[in-house]
Structure formats: C-alpha cells, structure tokens
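Quick look at run12.txt (compact mmCIF, C-alpha atoms):
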# COMPACT_ATOMS: atom_id res chain seq x y z
CA MET A 1 0.53 9.87 15.23
CA ILE A 2 1.69 6.50 13.92
CA PRO A 3 -0.90 3.86 12.97
CA LEU A 4 -0.20 0.30 14.07
CA ARG A 5 -3.26 -1.56 12.77
CA ASP A 6 -6.94 -1.13 12.09
CA LEU A 7 -9.89 -2.91 13.69
CA ASN A 8 -11.55 -3.67 10.40
CA PRO A 9 -11.82 -7.37 9.46
CA ARG A 10 -11.50 -8.44 5.85
CA ARG A 11 -13.13 -11.38 4.09
CA SER A 12 -10.61 -12.13 1.37
CA ALA A 13 -6.85 -12.62 1.29
CA PRO A 14 -4.99 -9.37 0.43
CA VAL A 15 -3.09 -10.99 -2.43
CA VAL A 16 -2.33 -7.80 -4.38
CA THR A 17 -1.44 -5.83 -1.26
CA VAL A 18 1.10 -8.48 -0.26
CA LEU A 19 2.52 -8.63 -3.79
CA LEU A 20 2.89 -4.84 -3.91
CA ILE A 21 4.73 -4.86 -0.59
CA ALA A 22 6.98 -7.67 -1.81
CA LEU A 23 7.77 -5.85 -5.05
CA ASN A 24 8.60 -2.63 -3.23
CA CYS A 25 10.93 -4.53 -0.91
CA LEU A 26 12.62 -6.43 -3.73
CA LEU A 27 13.37 -3.24 -5.66
CA PHE A 28 14.67 -1.58 -2.51
CA PHE A 29 17.07 -4.47 -1.93
CA TYR A 30 18.17 -4.04 -5.54
CA GLU A 31 18.83 -0.37 -4.81
CA LEU A 32 20.99 -1.33 -1.84
CA ARG A 33 23.14 -3.51 -4.08
CA LEU A 34 23.91 -0.62 -6.44
CA GLY A 35 26.19 1.12 -3.96
CA ASP A 36 27.86 4.16 -5.51
CA GLN A 37 25.82 3.72 -8.69
CA LEU A 38 22.51 4.25 -6.90
CA GLU A 39 22.30 8.01 -7.42
CA SER A 40 22.94 7.81 -11.15
CA PHE A 41 20.46 4.94 -11.45
CA VAL A 42 17.67 6.86 -9.71
CA THR A 43 18.39 10.03 -11.69
CA SER A 44 18.23 8.16 -14.98
CA VAL A 45 15.13 6.00 -14.44
CA ALA A 46 12.96 7.86 -11.90
CA PHE A 47 10.39 10.51 -12.77
CA VAL A 48 11.91 14.00 -12.93
CA PRO A 49 9.25 16.72 -13.54
CA ALA A 50 11.56 19.11 -15.38
CA ARG A 51 12.32 16.40 -17.92
CA TYR A 52 8.68 16.24 -19.02
CA PHE A 53 7.03 19.48 -17.85
CA GLY A 54 9.84 22.03 -17.63
CA ALA A 55 10.87 24.64 -20.18
CA GLY A 56 12.09 22.96 -23.33
CA ALA A 57 10.59 19.56 -22.44
CA ASP A 58 10.44 17.22 -25.43
CA PRO A 59 6.90 15.87 -26.15
CA ALA A 60 8.55 12.79 -27.63
CA LEU A 61 9.49 11.75 -24.10
CA LEU A 62 5.89 11.25 -22.96
CA GLY A 63 6.15 7.50 -23.49
CA GLU A 64 9.25 7.44 -21.33
CA ALA A 65 7.37 9.51 -18.72
CA PHE A 66 4.86 6.69 -18.24
CA THR A 67 7.60 4.14 -17.65
CA SER A 68 9.48 6.46 -15.27
CA ALA A 69 6.34 7.23 -13.28
CA LEU A 70 5.55 3.53 -12.94
CA LEU A 71 9.05 2.58 -11.82
CA SER A 72 9.25 5.52 -9.41
CA MET A 73 6.29 4.13 -7.46
CA PHE A 74 8.46 1.19 -6.38
CA LEU A 75 11.69 3.01 -5.50
CA HIS A 76 12.50 4.38 -2.04
CA GLY A 77 15.07 6.69 -0.55
CA GLY A 78 15.87 4.74 2.62
CA TRP A 79 14.70 2.24 5.19
CA MET A 80 12.35 4.63 7.00
CA HIS A 81 10.84 5.73 3.70
CA LEU A 82 10.16 2.13 2.73
CA LEU A 83 8.96 0.87 6.11
CA GLY A 84 6.64 3.83 6.67
CA ASN A 85 5.00 3.39 3.29
CA MET A 86 4.65 -0.36 3.63
CA LEU A 87 3.10 0.01 7.08
CA PHE A 88 0.38 2.29 5.69
CA LEU A 89 -0.17 0.02 2.69
CA TRP A 90 -0.54 -3.05 4.91
CA ILE A 91 -2.95 -1.38 7.34
CA PHE A 92 -5.25 0.26 4.81
CA GLY A 93 -4.69 -1.63 1.55
CA ASP A 94 -6.21 -4.96 2.50
CA ASN A 95 -9.67 -3.58 3.18
CA VAL A 96 -9.78 -1.50 0.00
CA GLU A 97 -8.66 -4.55 -1.96
CA ASP A 98 -11.35 -6.55 -0.16
CA ARG A 99 -13.99 -4.15 -1.46
CA LEU A 100 -12.71 -3.58 -4.99
CA GLY A 101 -11.43 -7.07 -5.76
CA HIS A 102 -7.87 -7.98 -6.65
CA LEU A 103 -7.56 -6.79 -10.25
CA ARG A 104 -9.58 -3.63 -9.74
CA PHE A 105 -7.48 -2.79 -6.71
CA LEU A 106 -4.24 -3.18 -8.66
CA LEU A 107 -5.47 -0.86 -11.41
CA PHE A 108 -6.82 1.55 -8.78
CA TYR A 109 -3.45 1.62 -7.03
CA LEU A 110 -1.49 2.33 -10.20
CA LEU A 111 -3.85 5.05 -11.40
CA ALA A 112 -3.71 6.72 -7.99
CA GLY A 113 0.07 6.64 -8.22
CA PHE A 114 0.07 8.23 -11.68
CA SER A 115 -2.34 10.90 -10.46
CA ALA A 116 -0.09 11.65 -7.50
CA THR A 117 2.94 12.01 -9.77
CA LEU A 118 1.01 14.40 -12.01
CA ALA A 119 -0.17 16.48 -9.05
CA GLN A 120 3.36 16.89 -7.69
CA SER A 121 4.67 17.72 -11.16
CA LEU A 122 2.06 20.44 -11.67
CA ALA A 123 3.02 21.91 -8.30
CA GLY A 124 6.69 22.04 -9.34
CA PRO A 125 7.04 21.49 -13.09
CA GLY A 126 10.62 22.74 -13.14
CA SER A 127 11.86 20.47 -10.36
CA THR A 128 14.96 18.45 -11.20
CA VAL A 129 14.58 16.22 -8.13
CA PRO A 130 13.51 12.61 -8.92
CA GLN A 131 10.11 11.69 -7.50
CA ILE A 132 10.31 8.28 -5.86
CA GLY A 133 8.20 6.34 -3.40
CA ALA A 134 4.90 4.53 -3.08
CA SER A 135 3.30 7.20 -0.90
CA GLY A 136 1.34 8.83 -3.72
CA ALA A 137 -0.39 5.58 -4.65
CA ILE A 138 -0.87 4.69 -0.99
CA SER A 139 -2.45 8.10 -0.42
CA GLY A 140 -5.08 7.05 -2.95
CA VAL A 141 -5.72 3.97 -0.82
CA LEU A 142 -6.19 6.23 2.22
CA GLY A 143 -8.72 8.38 0.37
CA ALA A 144 -10.73 5.32 -0.63
CA TYR A 145 -10.51 3.87 2.88
CA LEU A 146 -11.92 7.05 4.40
CA VAL A 147 -14.96 6.93 2.13
CA LEU A 148 -15.52 3.19 2.59
CA TYR A 149 -14.82 2.81 6.30
CA PRO A 150 -15.14 6.16 8.10
CA ARG A 151 -16.09 4.44 11.37
CA ALA A 152 -13.21 1.97 11.37
CA ARG A 153 -10.93 2.28 14.39
CA ILE A 154 -7.21 2.82 13.88
CA VAL A 155 -4.93 1.70 16.72
CA THR A 156 -2.54 4.64 16.85
CA VAL A 157 0.58 5.63 18.76
CA ILE A 158 0.10 9.19 20.01
CA PHE A 159 3.04 11.26 21.25
CA LEU A 160 2.17 13.78 23.97
CA GLY A 161 5.44 15.43 24.87
CA PHE A 162 7.37 12.84 26.84
CA PHE A 163 4.33 10.58 27.11
CA ILE A 164 3.35 7.92 24.61
CA ARG A 165 -0.03 6.24 24.57
CA LEU A 166 -2.09 3.96 22.37
CA ALA A 167 -5.53 5.05 21.28
CA GLU A 168 -8.23 3.82 18.92
CA VAL A 169 -8.81 6.73 16.57
CA PRO A 170 -11.71 6.67 14.09
CA ALA A 171 -10.69 6.77 10.44
CA LEU A 172 -12.96 9.81 10.14
CA VAL A 173 -10.55 11.63 12.46
CA PHE A 174 -7.19 10.07 11.60
CA LEU A 175 -7.33 10.33 7.81
CA PRO A 176 -8.72 13.89 7.42
CA LEU A 177 -6.11 15.05 9.94
CA TRP A 178 -3.39 13.30 7.93
CA PHE A 179 -4.68 14.93 4.73
CA LEU A 180 -4.77 18.37 6.35
CA ILE A 181 -1.16 18.01 7.47
CA GLN A 182 -0.10 17.08 3.93
CA PHE A 183 -2.01 19.99 2.39
CA VAL A 184 -0.69 22.61 4.81
CA SER A 185 2.84 21.23 4.53
CA GLY A 186 2.54 21.38 0.75
CA LEU A 187 1.56 25.04 0.86
CA GLU A 188 4.45 25.76 3.20
CA SER A 189 6.87 23.98 0.90
CA LEU A 190 5.73 26.15 -2.00
CA ALA A 191 6.15 29.31 0.04
CA ALA A 192 9.63 28.27 1.18
CA SER A 193 10.82 27.08 -2.21
CA THR A 194 13.57 29.19 -3.70
CA THR A 195 14.96 26.68 -6.20
CA THR A 196 13.61 24.12 -8.63
CA ALA A 197 16.01 21.55 -7.19
CA GLN A 198 14.43 21.52 -3.75
CA GLY A 199 14.02 18.02 -2.34
CA GLY A 200 12.11 16.63 0.59
CA VAL A 201 8.64 15.14 0.96
CA ALA A 202 6.38 15.36 -2.09
CA PHE A 203 3.36 16.66 -0.19
CA PHE A 204 1.29 17.45 -3.27
CA ALA A 205 1.74 13.86 -4.42
CA HIS A 206 0.02 12.87 -1.18
CA VAL A 207 -2.74 15.42 -1.68
CA GLY A 208 -3.27 14.52 -5.32
CA GLY A 209 -3.16 10.79 -4.66
CA PHE A 210 -5.66 11.06 -1.80
CA LEU A 211 -8.18 13.03 -3.88
CA ALA A 212 -7.65 10.72 -6.85
CA GLY A 213 -8.37 7.74 -4.62
CA VAL A 214 -11.77 9.17 -3.68
CA VAL A 215 -12.68 9.82 -7.32
CA LEU A 216 -11.35 6.48 -8.55
CA LEU A 217 -13.30 4.62 -5.88
CA PHE A 218 -16.56 5.90 -7.34
CA LEU A 219 -15.42 5.35 -10.93
CA PHE A 220 -14.57 1.74 -10.07
CA GLY A 221 -17.96 1.21 -8.44
CA GLY A 222 -16.42 0.65 -5.03
CA MET A 223 -19.45 2.04 -3.20
CA SER A 224 -21.83 -0.38 -4.88
CA ARG A 225 -19.70 -3.54 -4.71
CA ARG A 226 -20.49 -5.92 -1.88
CA ARG A 227 -17.72 -7.37 0.19
CA PRO A 228 -16.95 -11.02 -0.70
CA GLN A 229 -18.88 -13.58 1.35
CA LEU A 230 -17.16 -16.29 3.37
CA ALA A 231 -17.82 -19.83 2.22
CA GLY A 232 -19.49 -22.14 4.67
Once you've parsed the file, please lay out its structure as structure tokens.
Amino acid sequence: MIPLRDLNPRRSAPVVTVLLIALNCLLFFYELRLGDQLESFVTSVAFVPARYFGAGADPALLGEAFTSALLSMFLHGGWMHLLGNMLFLWIFGDNVEDRLGHLRFLLFYLLAGFSATLAQSLAGPGSTVPQIGASGAISGVLGAYLVLYPRARIVTVIFLGFFIRLAEVPALVFLPLWFLIQFVSGLESLAASTTTAQGGVAFFAHVGGFLAGVVLLFLFGGMSRRRPQLAG
C-alpha cells in the first residue's frame, strides 16, 4: 500500500513540515555533489551504533553521538529513500503540526528521531552500518497521527496482483498495519542477521520512533491542545 494523501483538513500552515522537507532535500542534493567522496562522508558523519554502543566504545564520544544522530536524520541513501520519506512526512506531518503547534512539533520530531536511533542501536549495538534517513522521526509522526486522527481517511494505492486500485483506508487500519509490518520485518531481520555489518531497512528505528511518537504526544499535551481556529 502506498498513501497518496489524507482527507484530513488542517487549519494552520505546515511551516515546520515544509521546512523539514526542504532541509532534507537540500542535504540530499549536497550528497549528490560529493560523488566518489559520498561514502566516506556518510561513514564519518552519520550515526554508527558500534562507534557508541559496541565493545570498546569510548564514553567521551557521547557528545559526538548527539551530533551524528541529528545529522543522520537528514541524510538519505537514494532518490526512492528520500521521496518515500518526504511523501509520508507531507501527508501526516501537517496535521500533527496543526495540533501541536510549530515549535512543539519541531521538538517532537527531533526527539522521535533520537528515540528511533536509540531503538535501532539497542537492537544492533555492534552494527558498523551508518544509520541514515528521516524515517525514524517520521514514524513518530505516524504514531501521533494514529492517536489524534484514527478516523481520518487515507487515499491509498493498493496492489492486488496485476490490478491496482485506489481506496480510502482509515488511519486506524493503515497505520497499525504499517506498524505490524515493521515489527515483524524487524524480528525477521534479527533472525536472519549473521554479521554486525548487515545493512538494509532499519525496522526497529521505525518501531521505536512510532512508539516514541505516541508517548511524546501525551508528554507534549497533544491530546488536550485545541486545533487553531480560523480567523474571520
């Protein structure tokens, strides 16, 4: 299933959501300009679990870990990685920002991203593969969206063999199904892992970010905040 848009009107401009999308795109274009130096750049600046959680990790690097985790949220491994993440952020981010307010939403997003990085690191503390991508933070947005708008309809592309159709799927169906896929895939990745250098999708970042988003929503008072009123 691929979401195209939601049928959930907002009452304020999604300023932070747009800025986050723009920043992700700008850093991706910077990555494209690096050419042959891209791999060494990502390895040196992105968050690598083994560097901070593996055997012999230096506690003095914890400050660097924060910076690496922050930067990693805005790096992507390719066009599909970027476009997929930005699509989800655009569809679901505006309404969560609408409820939390601009500054609270920015802090919420970053904390969800840090939580996702931590979750993936705990699942594979010896991994030497850089963790990059906005999907962990965006997963937090999905968790908050599910709690806030369970009845919202998501216009979704559904693939049924050779047939493709559009359907309006309730968030209460779409998002728990998405979470279940991430959780099961994460368990399968652990069972199949035979090396600390295994790459691929960071499923536990998605799981951890999603759960963090639910918790953070309540901590930020998202359930008690009223949506902004239109003037006039």
Can you tell me, as a PyMOL selection string, what residues are no more than 10 Å from A:Asn8 when counting only C-alpha atoms, ignoring any on the same chain fewer than 6 positions away?
-> chain A and resi 91-92+94-95+149+151-154
Could you dump the residues just selected with C-alpha atoms as an mmCIF file, in the coordinates of the input?
data_model
loop_
_atom_site.group_PDB
_atom_site.id
_atom_site.type_symbol
_atom_site.label_atom_id
_atom_site.label_comp_id
_atom_site.auth_asym_id
_atom_site.auth_seq_id
_atom_site.Cartn_x
_atom_site.Cartn_y
_atom_site.Cartn_z
ATOM 1 C CA ILE A 91 -2.950 -1.380 7.340
ATOM 2 C CA PHE A 92 -5.250 0.260 4.810
ATOM 3 C CA ASP A 94 -6.210 -4.960 2.500
ATOM 4 C CA ASN A 95 -9.670 -3.580 3.180
ATOM 5 C CA TYR A 149 -14.820 2.810 6.300
ATOM 6 C CA ARG A 151 -16.090 4.440 11.370
ATOM 7 C CA ALA A 152 -13.210 1.970 11.370
ATOM 8 C CA ARG A 153 -10.930 2.280 14.390
ATOM 9 C CA ILE A 154 -7.210 2.820 13.880
#
Excluding same-chain residues fewer than 4 positions from A:Leu180, what lies within 12 Å of it counting only C-alpha atoms, as a VMD selection string?
-> chain A and resid 173 to 176 184 to 187 203 to 204 206 to 207 210
File dump, residues just selected, C-alpha atoms, as a tab-separated table (two decimals), keeping the file's coordinate frame:
chain	number	residue	atom	x	y	z
A	173	VAL	CA	-10.55	11.63	12.46
A	174	PHE	CA	-7.19	10.07	11.60
A	175	LEU	CA	-7.33	10.33	7.81
A	176	PRO	CA	-8.72	13.89	7.42
A	184	VAL	CA	-0.69	22.61	4.81
A	185	SER	CA	2.84	21.23	4.53
A	186	GLY	CA	2.54	21.38	0.75
A	187	LEU	CA	1.56	25.04	0.86
A	203	PHE	CA	3.36	16.66	-0.19
A	204	PHE	CA	1.29	17.45	-3.27
A	206	HIS	CA	0.02	12.87	-1.18
A	207	VAL	CA	-2.74	15.42	-1.68
A	210	PHE	CA	-5.66	11.06	-1.80
Residue nearest A:Leu89 among A:Ala212, A:Leu103, A:Ile164, A:Ala134 (counting all atoms listed in the file) = A:Ala134
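The spacing separating atom CA of A:Leu32 from atom CA of A:Trp79 amounts to 10.1 Å.
Note that the spacing between atom CA of A:Arg99 and atom CA of A:Glu168 amounts to 22.6 Å.
Proximity of A:Leu118, A:Leu34, A:Val157, A:Leu146 to A:Ala171, computed with all atoms listed in the file, is greatest for A:Leu146.
Closest approach to A:Ala46 from the set A:Val129, A:Val16, A:Leu166, A:Ala202 is made by A:Val129, with distances taken over all atoms listed in the file.
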Looking at all atoms listed in the file, which of A:Leu190, A:Ala60, A:Ala69, A:Leu20 is the one that sits closest to A:Phe105?
-> A:Leu20
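With all atoms listed in the file as the atoms that count, the residue of A:Leu216, A:Gly161, A:Gly126, A:Pro150 with the shortest distance to A:Ala57 is A:Gly126.
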Quick one, how far is atom CA of A:Pro49 from atom CA of A:Phe179?
-> 23.0 Å
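Nearest-residue note for A:Gly136: choosing from A:Met73, A:Glu188, A:Thr156, A:Phe108, the minimum distance belongs to A:Met73, counting only C-alpha atoms.
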Name all residues at most 9 Å from A:Leu217 (count all atoms listed in the file; drop same-chain ones fewer than 3 positions away) and give them as an MDAnalysis selection string.
-> chainID A and resid 100 108 143:144 147:148 212:214 220:223
